[in-house]
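Have a look at the structure below before the remarks.
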Amino acid sequence: MQRLAGSILVLAACGGGSDANVEGDYMVAVTNRDNGCVLENWTVGEQTMGIPVVVVQDGSRVTATVNGASGFVLDLALGSRIYSGDVDGDSLYLELFGTRGQQRGNCSFTFNSVIDAAVDDDTLTGRIEYRAATNANPDCAALEGCLTFQEFNGTRPPE
């Protein structure tokens with residue numbers, strides 16, 4: 001989970017028409033914010049830059065693949081590096097449902113992540129959230145309803 005902070009990602013877009021055109025290769029920077037899920041080695045304010053993200057769009061459906069070391073960290077921490085979701089006007093909403101099982105005492109859990117972003121031409125800004133999905137065992141009390149998040153911005157070369 002250590003570099004989950006710096007590993008996370010994003011998408012971006014270019015305004016115009018009804019739904020923005022978000023397809024392209026982006027370079028993203030993230031800043032760690034609140035650590036409500038008490039992720040190990042998370043430093044509030046720590047920044048990671050130069051995260052490569054490839055966004056593919058088919059109509060309003062979008063996928064974002066986080067590459068490089070950050071993608072590797074997402075694979076280890078969540079079980080995937082691919083977010084999927086929709087673009088609606090100049091807003092993006094993408095999800096990654098974690099499959100990498102973790103354990104704390106009798107608490108079994110995974111982490112899910114959501115990207116909520118706004119696009120302006122070739123720039124994307126927003127927030128990446130991480131929430132635990134638990135088996136509701138009493139040992140999960142610290143994770144129930146927790147929220148850890150990052151803020152990010154990313155750009156792609158102009159079209």
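Quick note on naming: the chains in the structure tokens go A, B, ... in the order shown, residues restart at 1 in each chain, and ligands are numbered from 1 in order of appearance.
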
Practice task
Enumerate as an MDAnalysis selection string all residues of chain A assigned to strand (DSSP E or B) by DSSP on the backbone, naming them with the chain letters and numbers the document uses.
Solution key: chainID A and resid 14 21 24:35 47:58 61:66 82:88 91:96 102:104 107:120 123:134 148:155

* Could you pull out the helix (DSSP H, G or I) residues of chain A from DSSP and send them as a VMD selection string? -> chain A and resid 4 to 7 68 to 78 138 to 140

Any chance you could export the current selection's C-alpha atoms as a tab-separated table (two decimals), in the first residue's frame?
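Everything below was put into out_23.tsv:
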chain	number	residue	atom	x	y	z
A	4	LEU	CA	-0.60	3.38	-3.46
A	5	ALA	CA	-0.36	7.03	-2.74
A	6	GLY	CA	1.86	7.84	-5.61
A	7	SER	CA	0.55	5.29	-7.82
A	68	GLY	CA	4.69	2.37	-14.90
A	69	ALA	CA	5.54	1.83	-11.25
A	70	SER	CA	2.22	3.31	-10.16
A	71	GLY	CA	0.31	0.71	-12.16
A	72	PHE	CA	2.41	-2.01	-10.59
A	73	VAL	CA	1.56	-0.70	-7.11
A	74	LEU	CA	-2.15	-0.59	-7.94
A	75	ASP	CA	-1.93	-4.22	-9.12
A	76	LEU	CA	-0.33	-5.20	-5.82
A	77	ALA	CA	-2.63	-3.17	-3.57
A	78	LEU	CA	-5.99	-3.45	-5.34
A	138	PRO	CA	-15.87	-6.65	14.56
A	139	ASP	CA	-12.11	-6.55	13.79
A	140	CYS	CA	-13.02	-4.32	10.81

query = Got a sec: who's within 9 Å of stretch 27-36 of chain A, counting only C-alpha atoms, leaving out chain neighbours fewer than 3 positions off, as number ranges by chain?
reply = A: 5-11, 39, 42-54, 124, 127-128, 131, 142-143, 145-156

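The smallest atom-to-atom distance between A:Asn137 and any of A:Leu96, A:Val56, A:Cys107, A:Val119, using only C-alpha atoms, is found for A:Cys107.
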
Q: Identify which of the residues A:Val22, A:Ala64, A:Ala141, A:Val38 lies closest to A:Gly105, counting only C-alpha atoms when measuring atom-to-atom distances.
A: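 For A:Gly105, the nearest of the given residues is A:Ala141.
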
Check your understanding: So how many Å separate atom CA of A:Ile115 and atom CA of A:Gly59, to one decimal?
Key ->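 Separation between atom CA of A:Ile115 and atom CA of A:Gly59: 18.6 Å.
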
### Query
Closest to A:Glu23 among A:Ala136, A:Cys37, A:Ala118, A:Val55, using only C-alpha atoms?
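That would be A:Val55, the residue with the smallest distance to A:Glu23.
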